[in-house]
Structures are given as C-alpha cells and as structure tokens.
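*Asks:* Contents are CSV, C-alpha atoms; file name data-v2.csv:
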```csv
chain,number,residue,atom,x,y,z
A,1,MET,CA,24.2,12.8,19.9
A,2,SER,CA,22.2,10.8,17.4
A,3,GLU,CA,19.7,12.6,15.2
A,4,PRO,CA,16.0,11.7,15.6
A,5,LEU,CA,14.6,9.3,13.0
A,6,PRO,CA,11.8,10.7,10.8
A,7,ALA,CA,8.2,9.5,11.1
A,8,ARG,CA,8.5,7.7,7.7
A,9,ASN,CA,11.2,5.1,7.9
A,10,LEU,CA,13.2,5.0,4.7
A,11,GLY,CA,14.8,1.7,5.7
A,12,LEU,CA,11.4,-0.1,5.8
A,13,ASP,CA,10.4,1.6,2.5
A,14,ILE,CA,13.6,0.2,0.9
A,15,LEU,CA,12.8,-3.3,2.3
A,16,ARG,CA,9.3,-3.2,0.9
A,17,SER,CA,10.6,-2.0,-2.4
A,18,LEU,CA,13.1,-4.8,-2.5
A,19,ALA,CA,10.4,-7.3,-1.7
A,20,ILE,CA,8.0,-6.2,-4.4
A,21,GLY,CA,10.9,-5.8,-6.8
A,22,LEU,CA,11.9,-9.5,-6.3
A,23,VAL,CA,8.3,-10.6,-6.8
A,24,LEU,CA,8.0,-8.6,-10.1
A,25,VAL,CA,11.3,-9.8,-11.4
A,26,ALA,CA,10.4,-13.4,-10.5
A,27,HIS,CA,7.1,-13.3,-12.4
A,28,ALA,CA,8.7,-11.4,-15.3
A,29,LEU,CA,11.1,-14.3,-15.7
A,30,SER,CA,8.2,-16.7,-15.7
A,31,PHE,CA,6.2,-14.8,-18.3
A,32,PHE,CA,8.8,-13.3,-20.6
A,33,THR,CA,11.4,-15.9,-21.0
A,34,ARG,CA,9.2,-18.8,-22.2
A,35,TRP,CA,10.4,-18.5,-25.8
A,36,THR,CA,14.1,-18.9,-24.9
A,37,ALA,CA,16.0,-22.1,-24.6
A,38,PHE,CA,16.9,-21.3,-20.9
A,39,ASP,CA,15.0,-22.9,-18.1
A,40,LEU,CA,14.6,-20.0,-15.5
A,41,ASN,CA,11.9,-21.6,-13.5
A,42,ALA,CA,14.2,-22.3,-10.6
A,43,LEU,CA,15.4,-18.7,-10.5
A,44,TYR,CA,11.8,-17.6,-10.6
A,45,TYR,CA,11.0,-19.7,-7.6
A,46,VAL,CA,14.0,-18.5,-5.6
A,47,LEU,CA,13.4,-14.8,-6.2
A,48,GLY,CA,9.7,-15.0,-5.6
A,49,PHE,CA,10.3,-17.0,-2.4
A,50,LEU,CA,12.8,-14.5,-1.0
A,51,GLY,CA,10.5,-11.5,-1.9
A,52,VAL,CA,7.5,-13.0,-0.2
A,53,GLU,CA,9.5,-13.9,2.9
A,54,LEU,CA,10.7,-10.3,3.1
A,55,PHE,CA,7.1,-9.2,2.9
A,56,PHE,CA,6.1,-11.6,5.7
A,57,ALA,CA,8.8,-10.3,8.0
A,58,LEU,CA,7.9,-6.7,7.3
A,59,SER,CA,4.2,-7.2,7.7
A,60,GLY,CA,4.7,-9.0,11.0
A,61,PHE,CA,6.9,-6.2,12.3
A,62,LEU,CA,4.5,-3.4,11.4
A,63,ILE,CA,1.4,-5.3,12.6
A,64,GLY,CA,3.3,-6.3,15.8
A,65,ARG,CA,4.0,-2.7,16.6
A,66,ILE,CA,0.3,-1.8,16.2
A,67,LEU,CA,-0.8,-4.7,18.3
A,68,VAL,CA,1.7,-4.1,21.1
A,69,GLU,CA,1.1,-0.3,21.3
A,70,THR,CA,-2.7,-0.5,21.1
A,71,VAL,CA,-4.5,-3.8,21.5
A,72,LEU,CA,-2.0,-5.4,24.0
A,73,THR,CA,-1.6,-2.2,25.9
A,74,GLU,CA,-5.3,-1.6,26.4
A,75,ARG,CA,-6.1,-5.3,26.6
A,76,THR,CA,-9.7,-4.8,25.7
A,77,TRP,CA,-12.0,-6.4,23.1
A,78,PRO,CA,-13.0,-3.0,21.6
A,79,SER,CA,-9.3,-2.3,20.9
A,80,LEU,CA,-9.1,-5.6,19.0
A,81,ARG,CA,-12.3,-4.8,17.1
A,82,ARG,CA,-10.7,-1.5,16.1
A,83,PHE,CA,-7.6,-3.3,15.0
A,84,TYR,CA,-9.6,-5.6,12.7
A,85,VAL,CA,-11.6,-2.7,11.2
A,86,ARG,CA,-8.4,-0.8,10.4
A,87,ARG,CA,-6.6,-3.8,9.0
A,88,TRP,CA,-9.4,-5.1,6.9
A,89,LEU,CA,-10.3,-1.7,5.5
A,90,ARG,CA,-6.6,-1.6,4.4
A,91,THR,CA,-6.4,-5.0,2.7
A,92,LEU,CA,-9.8,-6.2,1.7
A,93,PRO,CA,-11.3,-3.5,-0.5
A,94,PRO,CA,-8.5,-3.5,-3.1
A,95,TYR,CA,-8.5,-7.3,-3.0
A,96,TYR,CA,-12.2,-7.6,-3.6
A,97,LEU,CA,-12.0,-4.9,-6.3
A,98,VAL,CA,-9.6,-7.1,-8.3
A,99,LEU,CA,-11.7,-10.2,-7.6
A,100,ALA,CA,-14.7,-8.4,-9.1
A,101,VAL,CA,-12.8,-7.4,-12.2
A,102,LEU,CA,-11.1,-10.8,-13.0
A,103,PRO,CA,-14.3,-12.5,-14.4
A,104,PHE,CA,-14.6,-9.7,-17.0
A,105,LEU,CA,-11.0,-10.6,-18.1
A,106,GLY,CA,-12.1,-14.2,-18.8
A,107,TYR,CA,-11.2,-15.8,-15.4
A,108,ARG,CA,-13.7,-18.2,-14.0
A,109,PHE,CA,-14.7,-16.9,-10.6
A,110,ASN,CA,-14.0,-19.0,-7.5
A,111,TRP,CA,-16.0,-18.4,-4.3
A,112,SER,CA,-13.3,-19.8,-2.0
A,113,SER,CA,-11.2,-16.7,-2.7
A,114,LEU,CA,-13.8,-14.6,-0.9
A,115,VAL,CA,-12.9,-16.2,2.4
A,116,PHE,CA,-9.3,-16.9,1.7
A,117,LEU,CA,-9.6,-20.7,1.4
A,118,GLN,CA,-8.0,-20.9,-2.0
A,119,ASN,CA,-4.7,-22.2,-0.6
A,120,PHE,CA,-6.3,-25.5,0.2
A,121,SER,CA,-7.1,-26.4,-3.4
A,122,ARG,CA,-4.9,-26.2,-6.5
A,123,LYS,CA,-7.9,-25.7,-8.7
A,124,ASP,CA,-9.3,-22.9,-6.6
A,125,LEU,CA,-6.0,-21.1,-6.5
A,126,GLU,CA,-5.8,-21.0,-10.3
A,127,PHE,CA,-8.4,-18.2,-10.3
A,128,PHE,CA,-6.1,-15.7,-8.6
A,129,PRO,CA,-2.8,-17.5,-8.0
A,130,VAL,CA,-0.8,-14.6,-6.6
A,131,SER,CA,-3.3,-14.3,-3.7
A,132,TRP,CA,-1.8,-17.3,-1.9
A,133,SER,CA,0.5,-15.1,0.2
A,134,LEU,CA,-2.3,-12.7,1.1
A,135,SER,CA,-4.4,-15.6,2.2
A,136,ILE,CA,-1.7,-16.5,4.7
A,137,GLU,CA,-1.5,-12.9,6.0
A,138,GLU,CA,-5.2,-12.6,6.4
A,139,TRP,CA,-5.4,-15.8,8.4
A,140,PHE,CA,-2.6,-14.5,10.5
A,141,TYR,CA,-4.4,-11.2,11.0
A,142,LEU,CA,-7.5,-13.1,12.1
A,143,LEU,CA,-6.0,-15.6,14.5
A,144,MET,CA,-2.8,-14.2,16.0
A,145,PRO,CA,-4.2,-11.0,17.6
A,146,LEU,CA,-6.8,-13.2,19.4
A,147,ILE,CA,-4.1,-15.4,20.8
A,148,LEU,CA,-1.9,-12.5,21.8
A,149,LEU,CA,-4.8,-10.6,23.4
A,150,TRP,CA,-5.8,-13.7,25.4
A,151,SER,CA,-2.2,-14.1,26.5
A,152,ALA,CA,-2.0,-10.5,27.5
A,153,ARG,CA,-5.2,-10.7,29.5
A,154,SER,CA,-4.0,-13.9,31.2
A,155,GLY,CA,-0.6,-12.4,32.1
A,156,ARG,CA,-1.5,-8.9,33.3
A,157,ARG,CA,1.4,-8.7,35.8
A,158,LYS,CA,4.0,-9.6,33.3
A,159,PRO,CA,2.8,-8.4,29.9
A,160,ALA,CA,6.3,-8.7,28.2
A,161,THR,CA,6.7,-12.3,29.4
A,162,ALA,CA,3.2,-13.2,28.2
A,163,PHE,CA,3.8,-11.7,24.9
A,164,PHE,CA,7.1,-13.4,24.2
A,165,THR,CA,5.9,-16.7,25.5
A,166,ALA,CA,3.0,-16.6,23.0
A,167,CYS,CA,5.3,-15.5,20.1
A,168,PHE,CA,7.8,-18.3,20.8
A,169,ALA,CA,5.0,-20.9,21.3
A,170,ILE,CA,3.5,-20.0,17.9
A,171,ILE,CA,6.9,-20.1,16.2
A,172,ALA,CA,7.7,-23.5,17.8
A,173,LEU,CA,4.2,-24.9,17.0
A,174,SER,CA,4.5,-23.9,13.3
A,175,LEU,CA,7.9,-25.5,13.0
A,176,ALA,CA,6.7,-28.7,14.8
A,177,ALA,CA,3.6,-28.8,12.6
A,178,ARG,CA,5.7,-28.7,9.4
A,179,PHE,CA,7.9,-31.6,10.7
A,180,ALA,CA,4.8,-33.6,11.6
A,181,TYR,CA,3.1,-33.0,8.3
A,182,VAL,CA,6.3,-33.8,6.3
A,183,PHE,CA,6.8,-37.1,8.0
A,184,ALA,CA,3.1,-38.0,7.9
A,185,SER,CA,2.2,-37.0,4.4
A,186,ASP,CA,5.4,-36.2,2.4
A,187,PRO,CA,4.0,-33.0,0.8
A,188,THR,CA,5.6,-31.0,-1.9
A,189,TRP,CA,7.6,-27.9,-0.9
A,190,ASP,CA,5.6,-25.3,-2.7
A,191,PHE,CA,1.9,-26.1,-2.6
A,192,GLY,CA,2.2,-28.7,0.1
A,193,ILE,CA,4.0,-26.6,2.7
A,194,ARG,CA,4.8,-23.1,1.5
A,195,LYS,CA,1.2,-22.1,0.7
A,196,LYS,CA,-0.6,-23.7,3.7
A,197,PRO,CA,-1.6,-21.0,6.2
A,198,PRO,CA,-1.5,-23.3,9.3
A,199,LEU,CA,2.1,-24.1,8.6
A,200,ARG,CA,3.4,-20.6,8.0
A,201,MET,CA,2.4,-18.6,11.0
A,202,ASP,CA,6.0,-18.4,12.2
A,203,SER,CA,7.1,-16.4,9.2
A,204,LEU,CA,5.0,-13.4,10.3
A,205,MET,CA,5.4,-14.1,14.0
A,206,VAL,CA,9.2,-13.5,13.8
A,207,GLY,CA,8.4,-9.9,12.7
A,208,VAL,CA,5.9,-9.6,15.5
A,209,ALA,CA,8.5,-10.8,18.1
A,210,LEU,CA,11.0,-8.2,16.8
A,211,ALA,CA,8.4,-5.5,17.2
A,212,GLY,CA,7.9,-6.6,20.8
A,213,VAL,CA,11.7,-6.4,21.3
A,214,SER,CA,11.7,-2.8,20.0
A,215,ILE,CA,9.0,-1.8,22.5
A,216,HIS,CA,9.3,-4.1,25.5
A,217,LEU,CA,13.1,-4.5,25.5
A,218,PRO,CA,14.5,-1.2,24.2
A,219,GLY,CA,18.0,-2.0,25.6
A,220,ALA,CA,18.2,-5.3,23.6
A,221,TRP,CA,16.8,-3.4,20.5
A,222,GLU,CA,19.6,-0.8,20.9
A,223,ARG,CA,22.2,-3.5,21.2
A,224,LEU,CA,20.9,-5.0,18.0
A,225,ALA,CA,21.0,-1.6,16.3
A,226,ARG,CA,24.6,-1.0,17.4
A,227,SER,CA,25.6,-4.4,16.0
A,228,ARG,CA,24.1,-3.7,12.5
A,229,ARG,CA,27.4,-3.4,10.8
A,230,ALA,CA,28.1,-7.0,11.6
A,231,LEU,CA,24.5,-8.1,11.4
A,232,PHE,CA,23.9,-6.7,7.9
A,233,PRO,CA,26.4,-8.8,6.0
A,234,VAL,CA,25.3,-11.9,8.0
A,235,ALA,CA,21.7,-11.3,6.9
A,236,ALA,CA,22.5,-10.3,3.3
A,237,LEU,CA,25.0,-13.1,2.7
A,238,GLY,CA,22.7,-15.6,4.6
A,239,LEU,CA,19.8,-14.8,2.3
A,240,LEU,CA,22.1,-15.1,-0.8
A,241,ALA,CA,23.5,-18.4,0.4
A,242,THR,CA,20.0,-19.7,1.2
A,243,GLY,CA,18.8,-18.6,-2.3
A,244,GLY,CA,21.9,-20.2,-3.9
A,245,TRP,CA,21.3,-23.5,-2.1
A,246,GLN,CA,17.6,-23.5,-3.1
A,247,LEU,CA,18.6,-22.7,-6.7
A,248,TRP,CA,21.0,-25.6,-6.7
A,249,SER,CA,18.4,-28.0,-5.2
A,250,LEU,CA,15.8,-26.9,-7.8
A,251,TYR,CA,18.1,-27.6,-10.7
A,252,HIS,CA,19.0,-31.0,-9.2
A,253,ALA,CA,15.9,-33.0,-9.7
A,254,HIS,CA,13.8,-30.6,-7.6
A,255,LEU,CA,15.3,-31.8,-4.3
A,256,VAL,CA,13.3,-29.2,-2.3
A,257,ASP,CA,10.3,-31.6,-2.7
A,258,THR,CA,12.2,-34.3,-0.9
A,259,SER,CA,14.4,-32.4,1.5
A,260,VAL,CA,13.2,-32.3,5.1
A,261,TYR,CA,15.2,-29.2,5.7
A,262,ALA,CA,13.7,-27.3,2.8
A,263,ARG,CA,10.2,-28.2,3.9
A,264,THR,CA,10.6,-27.5,7.6
A,265,THR,CA,13.5,-25.4,8.9
A,266,LEU,CA,14.3,-23.4,5.8
A,267,PHE,CA,11.3,-21.1,6.2
A,268,LEU,CA,12.2,-20.2,9.8
A,269,VAL,CA,15.9,-19.6,8.8
A,270,VAL,CA,14.9,-17.2,6.0
A,271,SER,CA,12.4,-15.4,8.3
A,272,LEU,CA,15.2,-14.9,10.9
A,273,LEU,CA,17.6,-13.6,8.2
A,274,ALA,CA,14.9,-11.3,6.8
A,275,GLY,CA,14.2,-10.1,10.4
A,276,ALA,CA,17.9,-9.3,10.9
A,277,LEU,CA,17.9,-7.3,7.6
A,278,LEU,CA,14.8,-5.5,8.8
A,279,VAL,CA,16.6,-4.5,12.1
A,280,CYS,CA,19.6,-3.1,10.2
A,281,LEU,CA,17.5,-1.0,7.8
A,282,GLU,CA,14.9,0.2,10.4
A,283,THR,CA,17.6,1.4,12.8
A,284,SER,CA,20.2,2.8,10.5
A,285,GLU,CA,20.7,6.6,10.9
A,286,SER,CA,22.8,6.6,7.7
A,287,VAL,CA,19.7,5.4,5.8
A,288,ASN,CA,16.9,7.0,7.7
A,289,VAL,CA,18.4,10.5,8.4
A,290,ARG,CA,21.2,11.3,6.0
A,291,LEU,CA,20.1,9.3,3.0
A,292,ALA,CA,16.5,10.2,3.6
A,293,ARG,CA,17.4,13.9,2.8
A,294,ARG,CA,18.1,13.0,-0.8
A,295,ARG,CA,15.1,13.8,-3.0
A,296,TRP,CA,15.6,10.7,-5.2
A,297,THR,CA,14.9,8.4,-2.2
A,298,ARG,CA,11.3,9.5,-2.3
A,299,ALA,CA,11.0,6.9,-5.1
A,300,PHE,CA,11.2,4.2,-2.4
A,301,HIS,CA,8.2,5.8,-0.6
A,302,VAL,CA,6.2,5.8,-3.9
A,303,VAL,CA,7.0,2.1,-4.6
A,304,SER,CA,6.3,1.2,-1.0
A,305,VAL,CA,2.8,2.8,-0.8
A,306,THR,CA,1.8,1.4,-4.2
A,307,SER,CA,3.3,-2.1,-3.6
A,308,TYR,CA,0.1,-3.7,-2.5
A,309,ALA,CA,-1.7,-2.6,-5.7
A,310,ALA,CA,1.3,-3.8,-7.8
A,311,TYR,CA,1.1,-7.1,-6.0
A,312,LEU,CA,-2.6,-7.5,-6.8
A,313,LEU,CA,-2.4,-6.3,-10.4
A,314,HIS,CA,0.9,-7.4,-11.9
A,315,LEU,CA,0.2,-11.0,-12.7
A,316,GLU,CA,-2.8,-10.3,-14.9
A,317,ILE,CA,-1.0,-7.4,-16.7
A,318,PHE,CA,2.0,-9.7,-17.4
A,319,ASP,CA,-0.5,-12.3,-18.7
A,320,LEU,CA,-1.9,-9.8,-21.2
A,321,PHE,CA,1.6,-8.8,-22.5
A,322,GLU,CA,3.1,-12.4,-22.6
A,323,PRO,CA,1.6,-13.4,-26.0
A,324,LEU,CA,3.0,-10.3,-27.6
A,325,ALA,CA,6.5,-11.1,-26.1
A,326,THR,CA,6.2,-14.7,-27.3
A,327,ARG,CA,5.4,-13.6,-30.9
A,328,ALA,CA,8.3,-11.2,-30.8
A,329,ALA,CA,10.6,-14.2,-30.3
A,330,SER,CA,13.7,-12.1,-29.8
A,331,ALA,CA,15.5,-10.7,-26.8
A,332,SER,CA,15.0,-7.1,-27.8
A,333,GLY,CA,11.3,-7.6,-28.6
A,334,THR,CA,10.7,-9.4,-25.3
A,335,ALA,CA,12.5,-6.6,-23.4
A,336,VAL,CA,10.2,-4.0,-25.0
A,337,PHE,CA,7.0,-5.9,-24.0
A,338,ALA,CA,8.3,-6.8,-20.5
A,339,THR,CA,9.2,-3.1,-19.9
A,340,ALA,CA,5.8,-2.0,-21.2
A,341,ALA,CA,4.1,-4.5,-18.8
A,342,LEU,CA,6.1,-3.2,-15.9
A,343,ILE,CA,5.3,0.4,-16.8
A,344,VAL,CA,1.6,-0.3,-17.1
A,345,THR,CA,1.7,-2.2,-13.7
A,346,LEU,CA,3.4,0.8,-12.0
A,347,VAL,CA,1.0,3.4,-13.6
A,348,LEU,CA,-2.2,1.4,-12.7
A,349,SER,CA,-0.8,0.7,-9.2
A,350,ALA,CA,-0.3,4.4,-8.6
A,351,ALA,CA,-3.8,5.1,-9.9
A,352,MET,CA,-5.4,2.5,-7.8
A,353,TYR,CA,-3.6,3.8,-4.7
A,354,ARG,CA,-4.5,7.4,-5.3
A,355,TRP,CA,-8.1,7.0,-6.4
A,356,PHE,CA,-9.2,3.9,-4.6
A,357,GLU,CA,-7.0,3.0,-1.6
A,358,LYS,CA,-6.3,6.5,-0.3
A,359,PRO,CA,-10.0,7.5,-0.1
A,360,ILE,CA,-10.8,4.3,1.7
A,361,LEU,CA,-7.9,4.9,4.1
A,362,ARG,CA,-9.3,8.4,4.9
A,363,PHE,CA,-12.7,6.9,5.5
A,364,ARG,CA,-11.1,4.3,7.8
A,365,ASP,CA,-9.4,7.0,9.8
A,366,ARG,CA,-12.6,8.9,10.2
A,367,LEU,CA,-14.5,5.8,11.2
A,368,THR,CA,-12.1,4.5,13.8
A,369,ASP,CA,-11.3,8.0,15.2
A,370,ARG,CA,-15.0,8.3,16.0
A,371,GLY,CA,-15.0,4.9,17.6
```
Produce structure tokens that represent the structure in this file.

*Replies:*
Amino acid sequence: MSEPLPARNLGLDILRSLAIGLVLVAHALSFFTRWTAFDLNALYYVLGFLGVELFFALSGFLIGRILVETVLTERTWPSLRRFYVRRWLRTLPPYYLVLAVLPFLGYRFNWSSLVFLQNFSRKDLEFFPVSWSLSIEEWFYLLMPLILLWSARSGRRKPATAFFTACFAIIALSLAARFAYVFASDPTWDFGIRKKPPLRMDSLMVGVALAGVSIHLPGAWERLARSRRALFPVAALGLLATGGWQLWSLYHAHLVDTSVYARTTLFLVVSLLAGALLVCLETSESVNVRLARRRWTRAFHVVSVTSYAAYLLHLEIFDLFEPLATRAASASGTAVFATAALIVTLVLSAAMYRWFEKPILRFRDRLTDRG
C-alpha cells in the first residue's frame, strides 16, 4: 500500500528551485562573464528560457488546482473575486515594493509597469526588465479565470468537458496566433514572440490542463504517475535536447529569429516537456515521502518560498556587483563577487519573504476567510 503524500510537495519545491536556479545562473553568466573572451550570451538565453518555462508550467498547475477546486466548482462570481484578491495579494505587493525602490537606485520610473504593459515597448521594459515574465502571468491570472468560469457556467452538466474544451481552445488559439503573427510581421524570437502576453497563454494553460487531469480524471493521472519512470527521461532528455538545439541555433547567426519552429511550436513543446517533468516530480513517492524525510531537503522548501523575492531582486543586486567583478578582471575575483551577489540575493530574499510577504499573506488569509 502506497504511503500518503505530505501536504507540502517536495517534488514541486524541487521544480521551483530548479527554475529559479536556472534563472539566477543565466543572469550571472550575463553579468559576471563580460570581461572574458567567451561569448556566453547564447547559454544565458537558453538557461533563462528553460527556467522561465518551468515557472510557467508550475504556476499554471498550482493556479489550475485552485481554480478547479474553488472557482470552477462553486461557479460563482464571488468565488472568482476571492480568487483575484488572494492571487493579487500574493503577487502585487512585493512587485510594487520593488517598483517603488528602483527610482532611488537611479532607475527612471516607467508608469506602464504599474499595469503590466511594459512588454509592449522595449524602452518601457528597460525600467524593470526581469518583470516581463510576471507581466505574462498577471495577464493570464486576469483573463483565463474569466474564460474558464464562463465555460463552467455554460457547461453545467458536463463541467470536465467544458473545462478541457476551454483549455485546449486557448492552447490552440495561442499557437495559431503565433503562426499568424510570424507570417504577418516576421517578429524576433525574444521580444517579438517570447515576451508578448497574448501569444504566450498556452505556456501556463498546459499546467492548468494538467491540474484538471489530476482532479477530473484521477484514473488518467494515476496512469501518468505509474509511467513516470519512462516519462522522466523523456522529459529531461527532451528539455536538454531542446536547449541544445536552441543553443546551436543561437550560435549560428541567431537562427531562432528566422526559424518558424522556434517562434511558434517550440514554446508549446517545451511547455509539454516541463509539464511531463512536473507530473513525475509531483507524483513520486520516492521524492515526496522517502526523500522528504531527509532534513537537508528542507533547503528546497526555503528556496521555493523565497523564489519570488529572489526573482524580483536579483537583477538589481547583480547590477551593483557587476562593476566590481569587471574591475577584478580575473576568474577568481569574478567568482568572489558573483558568489557575494548570490549570497546577498538569497539573504535579502529571505528577509523580504519573512518580514514583508508573510505578514501580507497572513492578512490575506484573514481577509478572505471573513469573506
């Protein structure tokens, strides 16, 4: 008989830790290797891309579970309002705190960042460049629950059918929109496609659809869980192969900017592979029961809960340390300053979580519990 999984899922903490780790390493390569003769821009793009896509799949899965278990079960507008209050009290206060501090560090404030429109202007995005992925998530949080709730209310007799129909329609429309935009405007891969919210909804919707499978189709979810020994190497090797192809294409005259595949289907392929990896880690008893008993695995929990703060803070901290690393002009000196930047990031992230995010989360719980 299988052992029950604990309330805190270690597999998902590992996935979130991997995602933020890839993002931190990617940006460290960008900031702390400029003095060398090596061009690591391509590797920076690949690692950052994979890290963000893992975040998207995980965010979609976690939000999908909340939506299915609350909003789409109750099928009421007050339940949707409660969802918005809880989600935005989780994401917006830390984000606006950082926006308020940035002008004091010499950054010219940009008003479009307040309403997550920065992804539509290169100049606007320069104020807080790392926020492009959060902008996509916030637009997703705003629009997709409305569509899913409308679908659930329209298909009361077959809620699972209505849910999956909406999920697959959004995924198909996102993919079709990328194809149409590529053939109509020939945009670049990064700013033209990757950072445009209307073209990226499928990356999070894959995670939402998986959450729906885990709740609406427990038999199918159990079959996926049983196949994880085969699924895990497919997902891991698939992500490595995708990253390798992207790395090759970036080193060869930046082919991702001309490749139709890179600007259209690649995003969905990576989302599906990230989703498969998520299934393996979320359902693994070896990870979530036996490994979770080890004290050292609590480090993944700490990294996971502070990852949002690290995401918001790290770019500016790296920017402060980068001139020191450049003046050091040696591998050992750069390593020292890069390590210092990472330590400062982790310490400030933990402080921000403990003394800013946690009190707001407690307030959020009291507020929504009364509602």

*Asks:* So that I can see what lies close to region 214-223 of chain A, please list as a list of chain:residue names the residues with an atom at most 9 Å from it, counting only C-alpha atoms and leaving out residues fewer than 6 positions away in the same chain.

*Replies:*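 In the requested form, the answer reads A:Arg65, A:Val68, A:Glu69, A:Pro159, A:Ala160, A:Val279, A:Thr283.
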
*Asks:* I need the residues from that last selection saved to file as a CSV table (one decimal), in the frame of the given file (with C-alpha atoms), if you can.

*Replies:*
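Saved to again29.csv:
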```csv
chain,number,residue,atom,x,y,z
A,65,ARG,CA,4.0,-2.7,16.6
A,68,VAL,CA,1.7,-4.1,21.1
A,69,GLU,CA,1.1,-0.3,21.3
A,159,PRO,CA,2.8,-8.4,29.9
A,160,ALA,CA,6.3,-8.7,28.2
A,279,VAL,CA,16.6,-4.5,12.1
A,283,THR,CA,17.6,1.4,12.8
```

*Asks:* Give me the residues of region 209-307 of chain A that have any atom at most 8 Å from an atom of region 175-189 of chain A; for each, the nearest atom pair and the distance in Å, rounded to one decimal. Use all atoms listed in the file, sort by chain and number, and format it as JSON lines.

*Replies:*
```
{"residue": "A:Val256", "atom": "CA", "partner": "A:Trp189", "partner_atom": "CA", "distance": 6.0}
{"residue": "A:Asp257", "atom": "CA", "partner": "A:Thr188", "partner_atom": "CA", "distance": 4.8}
{"residue": "A:Thr258", "atom": "CA", "partner": "A:Thr188", "partner_atom": "CA", "distance": 7.4}
{"residue": "A:Val260", "atom": "CA", "partner": "A:Val182", "partner_atom": "CA", "distance": 7.2}
{"residue": "A:Ala262", "atom": "CA", "partner": "A:Trp189", "partner_atom": "CA", "distance": 7.2}
{"residue": "A:Arg263", "atom": "CA", "partner": "A:Trp189", "partner_atom": "CA", "distance": 5.5}
{"residue": "A:Thr264", "atom": "CA", "partner": "A:Arg178", "partner_atom": "CA", "distance": 5.4}
{"residue": "A:Thr265", "atom": "CA", "partner": "A:Leu175", "partner_atom": "CA", "distance": 6.9}
{"residue": "A:Leu268", "atom": "CA", "partner": "A:Leu175", "partner_atom": "CA", "distance": 7.5}
```

*Asks:* In terms of the shortest atom-to-atom distance over all atoms listed in the file, which of A:Ala236, A:Leu114, A:Ile193, A:Leu361 is closest to Phe128 (chain A)?

*Replies:*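 Of A:Ala236, A:Leu114, A:Ile193, A:Leu361, the one nearest Phe128 (chain A) is A:Leu114, counting all atoms listed in the file.
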
*Asks:* Can you pull out the residues contacting region 8-21 of chain A? Cut-off 7 Å, using all atoms listed in the file, and skip same-chain residues under 3 positions away; I want them as a list in words.

*Replies:*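 My list of contacting residues is Leu24, Val25, Gly51, Val52, Leu54, Phe55, Leu281, Glu282, Val287, Asn288, Ala292, Phe300, His301, Val303, Ser304 and Ser307 of chain A.
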
*Asks:* Write to file, as an mmCIF file, in the frame of the given file, the residues of the selection just made, with C-alpha atoms.

*Replies:*
```cif
data_model
loop_
_atom_site.group_PDB
_atom_site.id
_atom_site.type_symbol
_atom_site.label_atom_id
_atom_site.label_comp_id
_atom_site.auth_asym_id
_atom_site.auth_seq_id
_atom_site.Cartn_x
_atom_site.Cartn_y
_atom_site.Cartn_z
ATOM 1 C CA LEU A 24 8.000 -8.600 -10.100
ATOM 2 C CA VAL A 25 11.300 -9.800 -11.400
ATOM 3 C CA GLY A 51 10.500 -11.500 -1.900
ATOM 4 C CA VAL A 52 7.500 -13.000 -0.200
ATOM 5 C CA LEU A 54 10.700 -10.300 3.100
ATOM 6 C CA PHE A 55 7.100 -9.200 2.900
ATOM 7 C CA LEU A 281 17.500 -1.000 7.800
ATOM 8 C CA GLU A 282 14.900 0.200 10.400
ATOM 9 C CA VAL A 287 19.700 5.400 5.800
ATOM 10 C CA ASN A 288 16.900 7.000 7.700
ATOM 11 C CA ALA A 292 16.500 10.200 3.600
ATOM 12 C CA PHE A 300 11.200 4.200 -2.400
ATOM 13 C CA HIS A 301 8.200 5.800 -0.600
ATOM 14 C CA VAL A 303 7.000 2.100 -4.600
ATOM 15 C CA SER A 304 6.300 1.200 -1.000
ATOM 16 C CA SER A 307 3.300 -2.100 -3.600
#
```

*Asks:* Quick one: of A:Arg194, A:Arg86, A:Arg228, A:Lys123, who's nearest to Ile360 (chain A), counting all atoms listed in the file?

*Replies:*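 Closest residue, counting all atoms listed in the file: A:Arg86.
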
*Asks:* From the set A:Leu324, A:Met352, A:Leu40, A:Leu210, which residue has the shortest atom-to-atom contact distance to Val305 (chain A), counting all atoms listed in the file?

*Replies:*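 Smallest distance to Val305 (chain A) is found for A:Met352.
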